[in-house]
file input36.txt (compact mmCIF, C-alpha atoms)
# COMPACT_ATOMS: atom_id res chain seq x y z
CA MET A 1 11.74 -11.89 -18.09
CA GLN A 2 9.39 -12.58 -15.19
CA ASP A 3 11.02 -10.25 -12.68
CA LEU A 4 7.86 -8.87 -11.06
CA ALA A 5 5.54 -10.16 -8.36
CA VAL A 6 2.22 -8.40 -7.84
CA ILE A 7 0.86 -8.45 -4.28
CA ILE A 8 -2.78 -7.52 -3.69
CA PRO A 9 -4.04 -7.17 -0.10
CA ALA A 10 -7.80 -7.72 -0.16
CA LYS A 11 -10.72 -7.70 2.24
CA ASP A 12 -14.29 -8.25 1.07
CA GLU A 13 -13.54 -7.44 -2.58
CA ALA A 14 -15.25 -10.41 -4.23
CA ASP A 15 -16.93 -8.14 -6.78
CA ARG A 16 -13.68 -6.65 -8.13
CA ILE A 17 -10.79 -8.93 -7.23
CA ALA A 18 -11.05 -11.20 -10.30
CA ALA A 19 -10.85 -8.25 -12.68
CA THR A 20 -7.91 -6.82 -10.73
CA VAL A 21 -6.03 -10.13 -10.80
CA LYS A 22 -6.59 -10.68 -14.52
CA ALA A 23 -5.45 -7.14 -15.32
CA ALA A 24 -2.37 -7.51 -13.11
CA GLN A 25 -1.41 -10.69 -14.94
CA GLU A 26 -1.14 -8.62 -18.14
CA LEU A 27 1.63 -6.41 -16.74
CA PRO A 28 5.03 -6.94 -18.43
CA GLY A 29 7.18 -9.31 -16.40
CA ALA A 30 4.42 -10.22 -13.94
CA GLY A 31 5.13 -13.90 -13.45
CA LEU A 32 3.35 -14.10 -10.11
CA VAL A 33 0.21 -12.55 -8.62
CA VAL A 34 -0.38 -13.11 -4.90
CA VAL A 35 -3.63 -12.11 -3.21
CA VAL A 36 -3.66 -11.88 0.58
CA ASP A 37 -7.23 -12.45 1.72
CA ASP A 38 -7.18 -10.47 4.96
CA GLY A 39 -10.04 -12.10 6.82
CA SER A 40 -12.74 -11.55 4.21
CA SER A 41 -16.30 -12.63 4.96
CA ASP A 42 -17.25 -13.00 1.30
CA GLY A 43 -15.81 -15.00 -1.59
CA THR A 44 -12.74 -12.84 -2.18
CA GLY A 45 -10.23 -15.67 -1.86
CA ARG A 46 -12.16 -18.05 -4.07
CA ALA A 47 -12.68 -15.42 -6.77
CA ALA A 48 -8.97 -14.54 -6.73
CA ARG A 49 -7.93 -18.18 -6.98
CA ASP A 50 -10.35 -18.81 -9.84
CA ALA A 51 -8.81 -15.82 -11.66
CA GLY A 52 -5.35 -17.37 -11.44
CA ALA A 53 -3.79 -15.79 -8.35
CA ARG A 54 -1.91 -17.53 -5.59
CA VAL A 55 -3.99 -16.91 -2.47
CA VAL A 56 -2.82 -16.64 1.13
CA ARG A 57 -5.53 -16.19 3.74
CA HIS A 58 -5.55 -14.59 7.17
CA SER A 59 -8.19 -16.24 9.34
CA ARG A 60 -8.96 -12.82 10.84
CA ASN A 61 -8.46 -9.28 9.62
CA ARG A 62 -4.92 -8.19 10.54
CA GLY A 63 -4.68 -4.92 8.61
CA LYS A 64 -2.93 -3.70 5.50
CA GLY A 65 0.63 -3.69 6.82
CA ALA A 66 0.38 -7.30 7.96
CA ALA A 67 -1.19 -8.31 4.64
CA MET A 68 1.69 -6.71 2.75
CA GLU A 69 4.24 -8.55 4.89
CA THR A 70 2.42 -11.85 4.37
CA GLY A 71 2.32 -11.35 0.61
CA ALA A 72 5.99 -10.45 0.42
CA GLU A 73 6.94 -13.49 2.49
CA ALA A 74 4.90 -15.73 0.19
CA VAL A 75 6.81 -14.32 -2.78
CA ARG A 76 10.11 -14.89 -0.96
CA LEU A 77 9.27 -18.57 -0.46
CA LEU A 78 8.23 -18.98 -4.08
CA ASP A 79 11.41 -17.17 -5.20
CA ASP A 80 13.67 -19.48 -3.22
CA ASP A 81 15.26 -21.03 -6.31
CA ARG A 82 15.70 -17.77 -8.24
CA ASP A 83 19.06 -16.06 -8.71
CA GLN A 84 17.52 -12.61 -8.27
CA PRO A 85 14.46 -11.75 -6.14
CA ARG A 86 11.50 -10.26 -7.95
CA HIS A 87 10.51 -6.64 -7.63
CA LEU A 88 7.35 -6.22 -5.56
CA LEU A 89 4.35 -4.31 -6.93
CA PHE A 90 1.59 -3.63 -4.42
CA LEU A 91 -1.86 -2.91 -5.84
CA ASP A 92 -5.23 -2.28 -4.22
CA ALA A 93 -7.84 -4.97 -4.75
CA ASP A 94 -10.48 -2.62 -6.17
CA LEU A 95 -8.52 -1.30 -9.16
CA ALA A 96 -10.34 -3.79 -11.43
CA GLU A 97 -9.42 -3.44 -15.12
CA THR A 98 -7.32 -0.31 -14.54
CA ALA A 99 -4.63 -2.45 -12.82
CA ARG A 100 -3.19 -3.16 -16.27
CA GLU A 101 -2.09 0.51 -16.39
CA ALA A 102 0.38 0.10 -13.49
CA ALA A 103 3.39 -0.66 -15.72
CA PRO A 104 4.91 2.87 -15.42
CA LEU A 105 5.36 2.22 -11.69
CA VAL A 106 7.64 -0.71 -12.42
CA GLU A 107 9.85 0.84 -15.09
CA PRO A 108 12.02 3.13 -12.86
CA VAL A 109 12.60 0.29 -10.38
CA ARG A 110 13.45 -2.17 -13.13
CA ALA A 111 15.83 0.35 -14.70
CA GLY A 112 17.61 0.99 -11.39
CA ASP A 113 16.49 4.62 -11.25
CA ALA A 114 14.37 4.25 -8.08
CA ASP A 115 14.11 1.92 -5.10
CA MET A 116 10.42 2.65 -4.57
CA THR A 117 7.83 4.31 -6.77
CA ILE A 118 4.50 5.72 -5.62
CA ALA A 119 1.51 6.20 -7.90
CA VAL A 120 -0.10 9.57 -8.50
CA PHE A 121 -3.48 8.95 -10.10
CA THR A 122 -4.19 10.95 -13.24
CA THR A 123 -7.82 9.80 -13.21
CA THR A 124 -9.99 12.08 -11.10
CA VAL A 125 -12.29 10.29 -8.66
CA LYS A 126 -14.80 12.19 -6.56
CA LEU A 127 -13.88 11.56 -2.95
CA GLY A 128 -16.16 11.79 0.03
CA GLY A 129 -13.59 13.02 2.52
CA HIS A 130 -11.95 16.38 3.07
CA GLY A 131 -8.32 15.35 2.76
CA PHE A 132 -7.38 15.76 6.41
CA VAL A 133 -5.65 12.38 6.54
CA VAL A 134 -3.71 13.18 3.35
CA ARG A 135 -2.60 16.50 4.84
CA LEU A 136 -1.52 14.80 8.07
CA SER A 137 0.57 12.27 6.17
CA ARG A 138 2.05 14.75 3.70
CA GLU A 139 3.06 17.22 6.40
CA GLY A 140 4.48 14.44 8.56
CA ILE A 141 6.62 13.13 5.71
CA ARG A 142 7.80 16.67 4.93
CA ARG A 143 8.83 17.31 8.52
CA ALA A 144 10.58 13.96 8.81
CA THR A 145 12.42 13.94 5.49
CA GLY A 146 12.16 17.32 3.75
CA TRP A 147 10.22 15.77 0.83
CA GLU A 148 6.59 16.66 0.20
CA PRO A 149 4.79 13.96 -1.81
CA ALA A 150 1.70 14.63 -3.91
CA ALA A 151 0.07 11.29 -3.01
CA PRO A 152 1.44 10.21 0.38
CA LEU A 153 -1.26 7.62 1.07
CA ASN A 154 -1.33 5.94 -2.32
CA GLY A 155 -0.94 2.19 -1.88
CA GLN A 156 0.11 1.47 -5.46
CA ARG A 157 3.87 1.08 -5.01
CA CYS A 158 6.72 -0.84 -6.60
CA LEU A 159 9.80 -1.68 -4.52
CA THR A 160 12.97 -3.63 -4.85
CA ARG A 161 13.18 -6.55 -2.46
CA ALA A 162 16.09 -4.82 -0.71
CA ALA A 163 14.02 -1.68 -0.09
CA PHE A 164 11.07 -3.67 1.22
CA ASP A 165 13.25 -5.67 3.60
CA ALA A 166 14.90 -2.48 4.87
CA ALA A 167 11.50 -1.15 5.95
CA LEU A 168 10.53 -4.19 8.03
CA PRO A 169 8.65 -4.47 10.27
CA LEU A 170 5.99 -2.43 8.51
CA ALA A 171 3.78 0.00 10.39
CA ALA A 172 0.37 -1.26 11.38
CA GLY A 173 -2.78 -0.80 9.34
CA PHE A 174 -3.22 2.32 7.25
CA GLY A 175 -0.04 3.89 8.59
CA VAL A 176 2.05 1.64 6.37
CA GLU A 177 2.42 3.99 3.38
CA THR A 178 3.46 7.00 5.46
CA ALA A 179 5.95 4.94 7.43
CA LEU A 180 7.37 3.24 4.32
CA THR A 181 8.15 6.58 2.73
CA ILE A 182 9.79 8.05 5.82
CA ASP A 183 11.79 4.96 6.69
CA LEU A 184 13.18 4.44 3.19
CA LEU A 185 14.07 8.09 2.62
CA ARG A 186 15.84 8.26 5.97
CA GLN A 187 17.92 5.24 4.97
CA GLY A 188 18.95 6.83 1.68
CA PHE A 189 16.70 4.89 -0.67
CA ARG A 190 15.44 6.67 -3.78
CA VAL A 191 11.70 7.30 -3.85
CA ARG A 192 9.84 8.69 -6.87
CA GLU A 193 6.24 9.47 -7.66
CA VAL A 194 4.91 8.36 -11.05
CA GLU A 195 1.69 9.43 -12.75
CA VAL A 196 -0.50 6.50 -13.75
CA PRO A 197 -4.09 6.27 -15.10
CA LEU A 198 -5.34 4.00 -12.31
CA ALA A 199 -8.66 4.36 -10.51
CA HIS A 200 -10.23 2.66 -7.53
CA ARG A 201 -13.56 2.86 -5.75
CA ALA A 202 -14.11 6.27 -4.21
CA THR A 203 -14.64 6.50 -0.47
CA GLY A 204 -18.21 7.53 0.30
CA THR A 205 -19.71 9.77 2.96
CA ASP A 206 -21.76 7.30 5.02
CA TRP A 207 -20.87 6.20 8.54
CA ARG A 208 -18.73 3.32 7.28
CA ALA A 209 -16.65 5.73 5.21
CA GLN A 210 -16.28 8.09 8.15
CA LEU A 211 -15.19 5.19 10.34
CA HIS A 212 -12.65 4.17 7.68
CA ARG A 213 -11.18 7.69 7.61
CA GLY A 214 -11.05 7.73 11.38
CA ARG A 215 -9.02 4.53 11.36
CA GLN A 216 -6.75 5.96 8.69
CA PHE A 217 -6.13 9.06 10.79
CA ARG A 218 -5.40 6.96 13.88
CA ASP A 219 -2.95 4.68 12.07
CA VAL A 220 -1.13 7.51 10.29
CA ALA A 221 -0.85 9.46 13.55
CA ARG A 222 0.59 6.42 15.30
CA ALA A 223 3.13 5.84 12.52
CA LEU A 224 4.21 9.47 12.72
CA ALA A 225 4.36 9.42 16.52
CA VAL A 226 6.96 6.66 16.43
CA ARG A 227 9.04 8.64 13.92
CA GLU A 228 8.48 12.15 15.25
CA PRO A 229 8.98 12.79 18.98
CA ALA A 230 7.03 16.07 18.72
CA VAL A 231 3.95 14.24 17.48
CA ALA A 232 4.29 11.67 20.23
CA ARG A 233 4.40 14.45 22.86
CA ARG A 234 1.27 16.10 21.43
CA LEU A 235 -0.61 12.80 21.40
CA GLY A 236 0.50 12.19 24.97
CA ARG A 237 -0.91 15.55 26.07
CA VAL A 238 -4.22 14.76 24.35
CA ARG A 239 -4.48 11.41 26.11
CA GLY A 240 -3.49 12.99 29.41
CA SER A 241 -6.27 15.56 29.16
CA ARG A 242 -9.01 12.90 28.91
CA PRO A 243 -11.05 12.35 32.04
call {"tool": "encode", "arguments": {"input": "input36.txt", "output": "structure tokens"}}
result
Amino acid sequence: MQDLAVIIPAKDEADRIAATVKAAQELPGAGLVVVVDDGSSDGTGRAARDAGARVVRHSRNRGKGAAMETGAEAVRLLDDDRDQPRHLLFLDADLAETAREAAPLVEPVRAGDADMTIAVFTTTVKLGGHGFVVRLSREGIRRATGWEPAAPLNGQRCLTRAAFDAALPLAAGFGVETALTIDLLRQGFRVREVEVPLAHRATGTDWRAQLHRGRQFRDVARALAVREPAVARRLGRVRGSRP
């Protein structure tokens, strides 16, 4: 029963994408693995294709939300002759061999017990940041829905096609996970967190890592501002105070 499509947004992950694709192909029911090469400057797309993935390429970097939409649309086109659409499993490109451990994310969706699952990593990875983006997302989700997730920013998620379509259009960039959770819960979809032994590359402490976290904060704040008028007012006051 090939009822699962794995979608992997990727940018400049040539060193890990092949291992991630091959591991994803081992997941039960994974009849399709789609990699969205989001404007990579290295050999990410070629490495993914050589590993057996279907590859869709953005000519320029468009961000995670856009890559997820592109991947899901590619699956829709490939599923055109199927009676039932596949469930969608989103995985990060740098999971490498640990991607084969993502099966527990699929099981509640396949069984009809959840419309979206979110991974909680059981493998401890030393992170370079201080968690301020996680706290922003978690608190925003709690205020908007009453639910406080353990891993609000985790990108490893399995959704039914109906749940994914209900969340369109996705929020831009790194705000996509926060917005997905809020939008689906507000519409009455069932969201569950599931512990899985996955691990990806830890974010460092150099200037590139700090820039990455800054972009995360910006995108999460924007996603929350659209969904929380109080956040939008605070951001407006901050902008208004600039010279």
call {"tool": "closest_residue", "arguments": {"input": "input36.txt", "among": "A:Gly188, A:Gly131, A:Gly155, A:Pro28", "to": "Leu95 of chain A", "atoms": "only C-alpha atoms"}}
result
A:Gly155
call {"tool": "atom_distance", "arguments": {"input": "input36.txt", "atom1": "atom CA of Gln84 of chain A", "atom2": "atom CA of Pro169 of chain A"}}
result
22.1 Å
call {"tool": "closest_residue", "arguments": {"input": "input36.txt", "among": "A:Ala24, A:Ala93, A:Ala53, A:Val176", "to": "Lys11 of chain A", "atoms": "all atoms listed in the file"}}
result
A:Ala93
call {"tool": "residues_around", "arguments": {"input": "input36.txt", "residues": "Ile141 of chain A", "least_positions_apart": "3", "cutoff": "12 Å", "atoms": "all atoms listed in the file", "output": "PyMOL selection string"}}
result
chain A and resi 134-138+144-153+175+177-186+220-221+223-225+227-228
call {"tool": "residues_around", "arguments": {"input": "input36.txt", "residues": "segment 64-79 of chain A", "least_positions_apart": "4", "cutoff": "8 Å", "atoms": "only C-alpha atoms", "output": "PDB file with C-alpha atoms, keeping the file's coordinate frame"}}
result
ATOM      1  CA  ALA A   5       5.540 -10.160  -8.360  1.00  0.00           C
ATOM      2  CA  ILE A   7       0.860  -8.450  -4.280  1.00  0.00           C
ATOM      3  CA  ILE A   8      -2.780  -7.520  -3.690  1.00  0.00           C
ATOM      4  CA  PRO A   9      -4.040  -7.170  -0.100  1.00  0.00           C
ATOM      5  CA  VAL A  34      -0.380 -13.110  -4.900  1.00  0.00           C
ATOM      6  CA  VAL A  35      -3.630 -12.110  -3.210  1.00  0.00           C
ATOM      7  CA  VAL A  36      -3.660 -11.880   0.580  1.00  0.00           C
ATOM      8  CA  ASP A  37      -7.230 -12.450   1.720  1.00  0.00           C
ATOM      9  CA  ASP A  38      -7.180 -10.470   4.960  1.00  0.00           C
ATOM     10  CA  VAL A  56      -2.820 -16.640   1.130  1.00  0.00           C
ATOM     11  CA  PRO A  85      14.460 -11.750  -6.140  1.00  0.00           C
ATOM     12  CA  ARG A  86      11.500 -10.260  -7.950  1.00  0.00           C
ATOM     13  CA  LEU A  88       7.350  -6.220  -5.560  1.00  0.00           C
ATOM     14  CA  PHE A  90       1.590  -3.630  -4.420  1.00  0.00           C
ATOM     15  CA  LEU A 170       5.990  -2.430   8.510  1.00  0.00           C
ATOM     16  CA  ALA A 171       3.780   0.000  10.390  1.00  0.00           C
ATOM     17  CA  ALA A 172       0.370  -1.260  11.380  1.00  0.00           C
ATOM     18  CA  GLY A 173      -2.780  -0.800   9.340  1.00  0.00           C
ATOM     19  CA  PHE A 174      -3.220   2.320   7.250  1.00  0.00           C
ATOM     20  CA  GLY A 175      -0.040   3.890   8.590  1.00  0.00           C
ATOM     21  CA  VAL A 176       2.050   1.640   6.370  1.00  0.00           C
TER      22      VAL A 176
END
call {"tool": "residues_around", "arguments": {"input": "input36.txt", "residues": "Asp12 of chain A", "least_positions_apart": "6", "cutoff": "12 Å", "atoms": "only C-alpha atoms", "output": "number ranges by chain"}}
result
A: 36-48, 61, 93-94
call {"tool": "residues_near_point", "arguments": {"input": "input36.txt", "point": "(3.8, -11.1, -12.1)", "cutoff": "6 Å", "atoms": "all atoms listed in the file", "output": "list in words"}}
result
Leu4, Ala5, Val6, Gln25, Gly29, Ala30, Gly31, Leu32 and Val33 of chain A
call {"tool": "residues_near_point", "arguments": {"input": "input36.txt", "point": "(-9.1, 4.8, -13.1)", "cutoff": "7 Å", "atoms": "only C-alpha atoms", "output": "CSV table (one decimal) with C-alpha atoms, in the coordinates of the input"}}
result
chain,number,residue,atom,x,y,z
A,98,THR,CA,-7.3,-0.3,-14.5
A,123,THR,CA,-7.8,9.8,-13.2
A,197,PRO,CA,-4.1,6.3,-15.1
A,198,LEU,CA,-5.3,4.0,-12.3
A,199,ALA,CA,-8.7,4.4,-10.5
A,200,HIS,CA,-10.2,2.7,-7.5
call {"tool": "closest_residue", "arguments": {"input": "input36.txt", "among": "A:Arg100, A:Arg49, A:His87, A:His58", "to": "Thr20 of chain A", "atoms": "all atoms listed in the file"}}
result
A:Arg100
call {"tool": "atom_distance", "arguments": {"input": "input36.txt", "atom1": "atom CA of Ile118 of chain A", "atom2": "atom CA of Glu139 of chain A"}}
result
16.7 Å
call {"tool": "atom_distance", "arguments": {"input": "input36.txt", "atom1": "atom CA of Ala96 of chain A", "atom2": "atom CA of Ala18 of chain A"}}
result
7.5 Å
call {"tool": "closest_residue", "arguments": {"input": "input36.txt", "among": "A:Val133, A:Ala119, A:Val55, A:Leu159", "to": "Leu89 of chain A", "atoms": "only C-alpha atoms"}}
result
A:Leu159
call {"tool": "residues_around", "arguments": {"input": "input36.txt", "residues": "Val109 of chain A", "least_positions_apart": "4", "cutoff": "10 Å", "atoms": "only C-alpha atoms", "output": "PyMOL selection string"}}
result
chain A and resi 87-88+104-105+113-117+158-160+190-192
call {"tool": "write_last_selection", "arguments": {"input": "input36.txt", "atoms": "C-alpha atoms", "output": "short mmCIF file (atom, residue, chain, number, x, y, z; two decimals), in the frame of the given file"}}
result
data_model
loop_
_atom_site.label_atom_id
_atom_site.label_comp_id
_atom_site.auth_asym_id
_atom_site.auth_seq_id
_atom_site.Cartn_x
_atom_site.Cartn_y
_atom_site.Cartn_z
CA HIS A 87 10.51 -6.64 -7.63
CA LEU A 88 7.35 -6.22 -5.56
CA PRO A 104 4.91 2.87 -15.42
CA LEU A 105 5.36 2.22 -11.69
CA ASP A 113 16.49 4.62 -11.25
CA ALA A 114 14.37 4.25 -8.08
CA ASP A 115 14.11 1.92 -5.10
CA MET A 116 10.42 2.65 -4.57
CA THR A 117 7.83 4.31 -6.77
CA CYS A 158 6.72 -0.84 -6.60
CA LEU A 159 9.80 -1.68 -4.52
CA THR A 160 12.97 -3.63 -4.85
CA ARG A 190 15.44 6.67 -3.78
CA VAL A 191 11.70 7.30 -3.85
CA ARG A 192 9.84 8.69 -6.87
#
call {"tool": "closest_residue", "arguments": {"input": "input36.txt", "among": "A:Arg161, A:Glu195, A:Asn154, A:Thr122", "to": "Ala103 of chain A", "atoms": "only C-alpha atoms"}}
result
A:Glu195
